[in-house]
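Next comes work18.pdb, with PDB, C-alpha atoms.
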```
ATOM      1  CA  MET C 773      39.393  -7.141   9.962  1.00  0.00           C
ATOM      2  CA  THR C 774      41.418 -10.291   9.872  1.00  0.00           C
ATOM      3  CA  ALA C 775      40.562 -13.352   7.831  1.00  0.00           C
ATOM      4  CA  THR C 776      39.513 -15.258  10.947  1.00  0.00           C
ATOM      5  CA  THR C 777      37.014 -12.638  12.078  1.00  0.00           C
ATOM      6  CA  GLN C 778      35.616 -12.355   8.569  1.00  0.00           C
ATOM      7  CA  GLY C 779      35.196 -16.116   8.461  1.00  0.00           C
ATOM      8  CA  LYS C 780      33.411 -16.074  11.810  1.00  0.00           C
ATOM      9  CA  LYS C 781      30.970 -13.376  10.693  1.00  0.00           C
ATOM     10  CA  SER C 782      30.054 -15.096   7.441  1.00  0.00           C
ATOM     11  CA  SER C 783      29.524 -18.483   9.114  1.00  0.00           C
ATOM     12  CA  ARG C 784      27.224 -17.154  11.839  1.00  0.00           C
ATOM     13  CA  VAL C 785      23.790 -18.637  12.131  1.00  0.00           C
ATOM     14  CA  PRO C 786      21.106 -15.984  11.711  1.00  0.00           C
ATOM     15  CA  THR C 787      19.630 -14.911  15.009  1.00  0.00           C
ATOM     16  CA  PRO C 788      16.003 -13.953  15.520  1.00  0.00           C
ATOM     17  CA  LEU C 789      17.116 -10.322  15.229  1.00  0.00           C
ATOM     18  CA  HIS C 790      18.668 -11.006  11.823  1.00  0.00           C
ATOM     19  CA  LEU C 791      15.558 -12.877  10.744  1.00  0.00           C
ATOM     20  CA  LEU C 792      13.345  -9.993  11.867  1.00  0.00           C
ATOM     21  CA  GLN C 793      15.529  -7.534   9.996  1.00  0.00           C
ATOM     22  CA  THR C 794      15.375  -9.627   6.818  1.00  0.00           C
ATOM     23  CA  LEU C 795      11.635 -10.082   7.214  1.00  0.00           C
ATOM     24  CA  THR C 796      10.917  -6.364   7.631  1.00  0.00           C
ATOM     25  CA  ARG C 797      13.129  -5.402   4.697  1.00  0.00           C
ATOM     26  CA  THR C 798      11.658  -8.054   2.422  1.00  0.00           C
ATOM     27  CA  LEU C 799       8.106  -7.278   3.461  1.00  0.00           C
ATOM     28  CA  ASN C 800       8.613  -3.557   2.913  1.00  0.00           C
ATOM     29  CA  GLU C 801      10.158  -4.093  -0.538  1.00  0.00           C
ATOM     30  CA  GLN C 802       7.499  -6.565  -1.657  1.00  0.00           C
ATOM     31  CA  LEU C 803       4.696  -4.379  -0.342  1.00  0.00           C
ATOM     32  CA  GLY C 804       6.017  -1.383  -2.269  1.00  0.00           C
ATOM     33  CA  GLU C 805       6.367  -3.444  -5.452  1.00  0.00           C
ATOM     34  CA  ALA C 806       2.882  -4.928  -5.032  1.00  0.00           C
ATOM     35  CA  CYS C 807       1.374  -1.475  -4.574  1.00  0.00           C
ATOM     36  CA  GLN C 808       3.114  -0.192  -7.706  1.00  0.00           C
ATOM     37  CA  GLN C 809       2.000  -3.225  -9.704  1.00  0.00           C
ATOM     38  CA  ALA C 810      -1.606  -2.943  -8.514  1.00  0.00           C
ATOM     39  CA  GLU C 811      -1.736   0.728  -9.467  1.00  0.00           C
ATOM     40  CA  HIS C 812      -0.104   0.029 -12.838  1.00  0.00           C
ATOM     41  CA  ASP C 813      -2.596  -2.755 -13.610  1.00  0.00           C
ATOM     42  CA  ALA C 814      -5.585  -0.650 -12.598  1.00  0.00           C
ATOM     43  CA  VAL C 815      -4.445   2.319 -14.697  1.00  0.00           C
ATOM     44  CA  LYS C 816      -3.788  -0.007 -17.637  1.00  0.00           C
ATOM     45  CA  ALA C 817      -7.330  -1.419 -17.366  1.00  0.00           C
ATOM     46  CA  LEU C 818      -8.730   2.113 -17.232  1.00  0.00           C
ATOM     47  CA  GLU C 819      -6.761   3.083 -20.356  1.00  0.00           C
ATOM     48  CA  LYS C 820      -8.108  -0.010 -22.126  1.00  0.00           C
ATOM     49  CA  LEU C 821     -11.659   1.068 -21.302  1.00  0.00           C
ATOM     50  CA  GLU C 822     -10.858   4.537 -22.669  1.00  0.00           C
ATOM     51  CA  ARG C 823      -9.635   3.011 -25.953  1.00  0.00           C
ATOM     52  CA  GLN C 824     -12.750   0.835 -26.179  1.00  0.00           C
ATOM     53  CA  LYS C 825     -14.933   3.885 -25.568  1.00  0.00           C
ATOM     54  CA  ALA C 826     -13.160   5.815 -28.333  1.00  0.00           C
ATOM     55  CA  LYS C 827     -13.693   2.926 -30.780  1.00  0.00           C
ATOM     56  CA  LEU C 828     -17.321   2.637 -29.772  1.00  0.00           C
ATOM     57  CA  ASP C 829     -17.795   6.389 -30.222  1.00  0.00           C
ATOM     58  CA  ASP C 830     -16.389   6.078 -33.757  1.00  0.00           C
ATOM     59  CA  LYS C 831     -18.701   3.160 -34.559  1.00  0.00           C
ATOM     60  CA  LEU C 832     -21.695   5.049 -33.166  1.00  0.00           C
ATOM     61  CA  THR C 833     -20.875   8.125 -35.233  1.00  0.00           C
ATOM     62  CA  GLU C 834     -20.590   5.929 -38.325  1.00  0.00           C
ATOM     63  CA  ALA C 835     -23.873   4.164 -37.563  1.00  0.00           C
ATOM     64  CA  ARG C 836     -25.671   7.485 -37.055  1.00  0.00           C
ATOM     65  CA  GLU C 837     -24.353   8.738 -40.398  1.00  0.00           C
ATOM     66  CA  LYS C 838     -25.637   5.585 -42.109  1.00  0.00           C
ATOM     67  CA  LEU C 839     -28.985   6.026 -40.395  1.00  0.00           C
ATOM     68  CA  ALA C 840     -29.214   9.655 -41.529  1.00  0.00           C
ATOM     69  CA  ALA C 841     -28.314   8.651 -45.103  1.00  0.00           C
ATOM     70  CA  ARG C 842     -30.898   5.868 -45.121  1.00  0.00           C
ATOM     71  CA  GLN C 843     -33.583   8.092 -43.609  1.00  0.00           C
ATOM     72  CA  SER C 844     -33.223  10.453 -46.526  1.00  0.00           C
ATOM     73  CA  GLY C 845     -33.978   7.502 -48.798  1.00  0.00           C
ATOM     74  CA  GLU C 846     -37.202   5.503 -48.732  1.00  0.00           C
ATOM     75  CA  GLU C 847     -35.903   2.083 -47.597  1.00  0.00           C
ATOM     76  CA  HIS C 848     -37.796   1.426 -44.346  1.00  0.00           C
ATOM     77  CA  LYS C 849     -36.263  -2.000 -43.834  1.00  0.00           C
ATOM     78  CA  SER C 850     -32.707  -0.681 -43.928  1.00  0.00           C
ATOM     79  CA  VAL C 851     -33.701   2.331 -41.790  1.00  0.00           C
ATOM     80  CA  ASN C 852     -35.032   0.006 -39.093  1.00  0.00           C
ATOM     81  CA  LYS C 853     -31.860  -2.064 -39.271  1.00  0.00           C
ATOM     82  CA  ALA C 854     -29.660   1.044 -38.999  1.00  0.00           C
ATOM     83  CA  GLN C 855     -31.775   2.386 -36.117  1.00  0.00           C
ATOM     84  CA  SER C 856     -31.457  -0.885 -34.198  1.00  0.00           C
ATOM     85  CA  ARG C 857     -27.679  -0.785 -34.750  1.00  0.00           C
ATOM     86  CA  VAL C 858     -27.530   2.783 -33.363  1.00  0.00           C
ATOM     87  CA  ASP C 859     -29.650   1.755 -30.363  1.00  0.00           C
ATOM     88  CA  GLU C 860     -27.412  -1.248 -29.761  1.00  0.00           C
ATOM     89  CA  LEU C 861     -24.259   0.888 -29.906  1.00  0.00           C
ATOM     90  CA  GLU C 862     -25.767   3.531 -27.613  1.00  0.00           C
ATOM     91  CA  ALA C 863     -26.640   0.845 -25.039  1.00  0.00           C
ATOM     92  CA  ALA C 864     -23.120  -0.562 -25.279  1.00  0.00           C
ATOM     93  CA  LEU C 865     -21.725   2.947 -24.825  1.00  0.00           C
ATOM     94  CA  VAL C 866     -23.797   3.482 -21.680  1.00  0.00           C
ATOM     95  CA  GLU C 867     -22.619   0.135 -20.301  1.00  0.00           C
ATOM     96  CA  LEU C 868     -19.003   0.930 -21.131  1.00  0.00           C
ATOM     97  CA  SER C 869     -19.296   4.380 -19.533  1.00  0.00           C
ATOM     98  CA  GLU C 870     -20.588   2.773 -16.340  1.00  0.00           C
ATOM     99  CA  ALA C 871     -17.671   0.318 -16.374  1.00  0.00           C
ATOM    100  CA  ARG C 872     -15.252   3.181 -16.959  1.00  0.00           C
ATOM    101  CA  ASN C 873     -16.717   5.229 -14.096  1.00  0.00           C
ATOM    102  CA  SER C 874     -16.496   2.193 -11.833  1.00  0.00           C
ATOM    103  CA  ALA C 875     -12.865   1.587 -12.846  1.00  0.00           C
ATOM    104  CA  ASP C 876     -12.037   5.254 -12.311  1.00  0.00           C
ATOM    105  CA  ALA C 877     -13.528   5.154  -8.807  1.00  0.00           C
ATOM    106  CA  TYR C 878     -11.557   1.973  -8.123  1.00  0.00           C
ATOM    107  CA  VAL C 879      -8.289   3.594  -9.226  1.00  0.00           C
ATOM    108  CA  LYS C 880      -8.925   6.613  -6.996  1.00  0.00           C
ATOM    109  CA  GLN C 881      -9.701   4.396  -3.988  1.00  0.00           C
ATOM    110  CA  LEU C 882      -6.702   2.200  -4.769  1.00  0.00           C
ATOM    111  CA  ARG C 883      -4.385   5.210  -4.765  1.00  0.00           C
ATOM    112  CA  LEU C 884      -5.739   6.306  -1.381  1.00  0.00           C
ATOM    113  CA  ASP C 885      -5.292   2.773  -0.041  1.00  0.00           C
ATOM    114  CA  ILE C 886      -1.743   2.634  -1.381  1.00  0.00           C
ATOM    115  CA  ARG C 887      -0.841   5.925   0.321  1.00  0.00           C
ATOM    116  CA  GLN C 888      -2.306   4.732   3.600  1.00  0.00           C
ATOM    117  CA  THR C 889      -0.629   1.326   3.305  1.00  0.00           C
ATOM    118  CA  LEU C 890       2.782   2.841   2.625  1.00  0.00           C
ATOM    119  CA  ARG C 891       2.305   5.306   5.478  1.00  0.00           C
ATOM    120  CA  LEU C 892       1.524   2.415   7.821  1.00  0.00           C
ATOM    121  CA  ALA C 893       4.439   0.422   6.419  1.00  0.00           C
ATOM    122  CA  LYS C 894       6.810   3.107   7.717  1.00  0.00           C
ATOM    123  CA  GLY C 895       6.563   1.070  10.914  1.00  0.00           C
ATOM    124  CA  PHE C 896       8.581  -1.645   9.183  1.00  0.00           C
ATOM    125  CA  GLU C 897      11.364   0.859   8.561  1.00  0.00           C
ATOM    126  CA  ARG C 898      11.328   1.843  12.235  1.00  0.00           C
ATOM    127  CA  ILE C 899      11.485  -1.824  13.251  1.00  0.00           C
ATOM    128  CA  ASP C 900      14.382  -2.361  10.846  1.00  0.00           C
ATOM    129  CA  GLY C 901      16.233   0.590  12.399  1.00  0.00           C
ATOM    130  CA  GLN C 902      15.598  -0.668  15.915  1.00  0.00           C
ATOM    131  CA  VAL C 903      16.775  -4.158  14.978  1.00  0.00           C
ATOM    132  CA  SER C 904      19.922  -2.718  13.409  1.00  0.00           C
ATOM    133  CA  GLN C 905      20.619  -0.795  16.617  1.00  0.00           C
ATOM    134  CA  ALA C 906      20.020  -3.899  18.737  1.00  0.00           C
ATOM    135  CA  ILE C 907      22.383  -5.951  16.578  1.00  0.00           C
ATOM    136  CA  GLU C 908      24.993  -3.193  16.717  1.00  0.00           C
ATOM    137  CA  LYS C 909      24.724  -2.935  20.520  1.00  0.00           C
ATOM    138  CA  ARG C 910      24.991  -6.685  20.868  1.00  0.00           C
ATOM    139  CA  ASP C 911      27.968  -6.980  18.515  1.00  0.00           C
ATOM    140  CA  ASN C 912      29.800  -3.921  19.912  1.00  0.00           C
ATOM    141  CA  PRO C 913      28.857  -3.529  23.588  1.00  0.00           C
ATOM    142  CA  ASP C 914      31.836  -1.224  24.248  1.00  0.00           C
ATOM    143  CA  GLN C 915      30.528   1.364  21.810  1.00  0.00           C
ATOM    144  CA  ALA C 916      27.034   1.381  23.246  1.00  0.00           C
ATOM    145  CA  PRO C 917      26.200   4.491  25.250  1.00  0.00           C
ATOM    146  CA  PRO C 918      25.886   3.908  29.002  1.00  0.00           C
ATOM    147  CA  PRO C 919      22.341   3.371  30.235  1.00  0.00           C
ATOM    148  CA  ARG C 920      20.607   6.528  31.374  1.00  0.00           C
ATOM    149  CA  PRO C 921      19.797   6.752  35.077  1.00  0.00           C
ATOM    150  CA  ARG C 922      16.159   6.379  35.773  1.00  0.00           C
ATOM    151  CA  SER C 923      14.398   9.457  36.931  1.00  0.00           C
ATOM    152  CA  GLY C 924      11.683   8.868  39.435  1.00  0.00           C
ATOM    153  CA  PRO C 925      11.082   6.331  42.173  1.00  0.00           C
ATOM    154  CA  ARG C 926      11.924   2.691  41.780  1.00  0.00           C
ATOM    155  CA  ARG C 927       9.364   0.047  42.505  1.00  0.00           C
ATOM    156  CA  GLY C 928       9.305  -1.256  46.027  1.00  0.00           C
ATOM    157  CA  ARG C 929      10.881   1.832  47.585  1.00  0.00           C
ATOM    158  CA  SER C 930       9.030   4.738  49.089  1.00  0.00           C
ATOM    159  CA  LYS C 931       9.626   8.264  47.847  1.00  0.00           C
ATOM    160  CA  ASN C 932      10.769   9.559  51.223  1.00  0.00           C
ATOM    161  CA  PRO C 933      12.827   7.040  53.228  1.00  0.00           C
ATOM    162  CA  ALA C 934      12.807   9.352  56.298  1.00  0.00           C
ATOM    163  CA  LYS C 935       9.077   8.812  56.759  1.00  0.00           C
ATOM    164  CA  LYS C 936       8.095   5.814  58.788  1.00  0.00           C
ATOM    165  CA  PRO C 937       5.054   3.743  58.018  1.00  0.00           C
ATOM    166  CA  ALA C 938       1.846   4.916  59.654  1.00  0.00           C
ATOM    167  CA  SER C 939       1.596   1.758  61.795  1.00  0.00           C
ATOM    168  CA  ALA C 940       4.931   2.553  63.542  1.00  0.00           C
ATOM    169  CA  THR C 941       3.853   6.054  64.611  1.00  0.00           C
ATOM    170  CA  THR C 942       0.517   5.072  66.189  1.00  0.00           C
ATOM    171  CA  ASN C 943       2.208   4.227  69.531  1.00  0.00           C
ATOM    172  CA  ALA C 944       2.011   7.754  70.902  1.00  0.00           C
TER     173      ALA C 944
END
```
Just give me the structure as structure tokens.
Amino acid sequence: MTATTQGKKSSRVPTPLHLLQTLTRTLNEQLGEACQQAEHDAVKALEKLERQKAKLDDKLTEAREKLAARQSGEEHKSVNKAQSRVDELEAALVELSEARNSADAYVKQLRLDIRQTLRLAKGFERIDGQVSQAIEKRDNPDQAPPPRPRSGPRRGRSKNPAKKPASATTNA
């Protein structure tokens, strides 16, 4: 290419085709990144719940050991206190397990939604390809393949030109 044709190409104003191409590419990239980020965040939240559950399990085990040790002694006040702590931790564990199950179900549904979204977004890639072809045909009309002849009748013409309309043959 010469310097003048390069200068012409770089100074062109974007056409609607170029804008559509940029839009589809940007949308496809951002959609993919958003899906990855959403999945990453959801998995991270699920892992956090797992860590919290492990800590709570440790605390519950410790509280049960204290309760067992105090039950072997005769201190009813401290036994009641230890029992209430165990009950409190067990309730928290149930609540955390429900939150974890809910988060797990969310992650599974999110992954299905992401797959479906990316499958549907393949349409953007097809649009991008079609736009690229249209731009290429417009910019290089000599290299475009000749239009294919239409097969079948054209509008406004009858299939058999030898036949005359029914109104012309009713004279007999």
To verify the selection step, state as a PyMOL selection string which residues the PyMOL selection byres ((chain C and resi 857-863) around 10) yields on this input.
-> chain C and resi 828-829+831-839+851-856+864-869
With 3 Å on each side, where is the centre of the axis-aligned box around all listed atoms of range 845-856 of chain C, and how long are its edges in Å to one decimal, as JSON?
```
{"center_x": -33.7, "center_y": 2.7, "center_z": -41.5, "size_x": 14.1, "size_y": 15.6, "size_z": 20.6}
```
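When all atoms listed in the file are used to measure the gap to Leu892 in chain C, the shortest distance among C:Arg842, C:Leu803, C:Leu795, C:Ser874 belongs to C:Leu803.
Going from CA of Arg887 in chain C over to CA of Glu811 in chain C, you cover 11.1 Å.
What separates CA of Tyr878 in chain C from CA of Lys825 in chain C is a distance of 17.9 Å.
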Check what the PyMOL selection byres ((chain C and resi 818) around 10) selects in the file above and give those residues as number ranges by chain.
-> C: 812-817, 819-824, 871-876, 878-879
Evaluate the PyMOL selection byres ((chain C and resi 807) around 9) here and jot the selected residues down as a VMD selection string.
-> chain C and resid 802 to 806 808 to 812 882 to 883 886 889 to 890
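Rounded to one decimal, CA of His790 in chain C and CA of Val903 in chain C lie 7.8 Å from each other.
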When distances are computed from only C-alpha atoms, which of C:Thr787, C:Gln881, C:Gln793, C:Thr798 shows the smallest separation from Ser904 in chain C?
-> C:Gln793
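Between Leu791 in chain C and the candidates C:Asp900, C:Asp830, C:Glu870, C:Asp885, the tightest atom-to-atom separation, counting all atoms listed in the file, involves C:Asp900.
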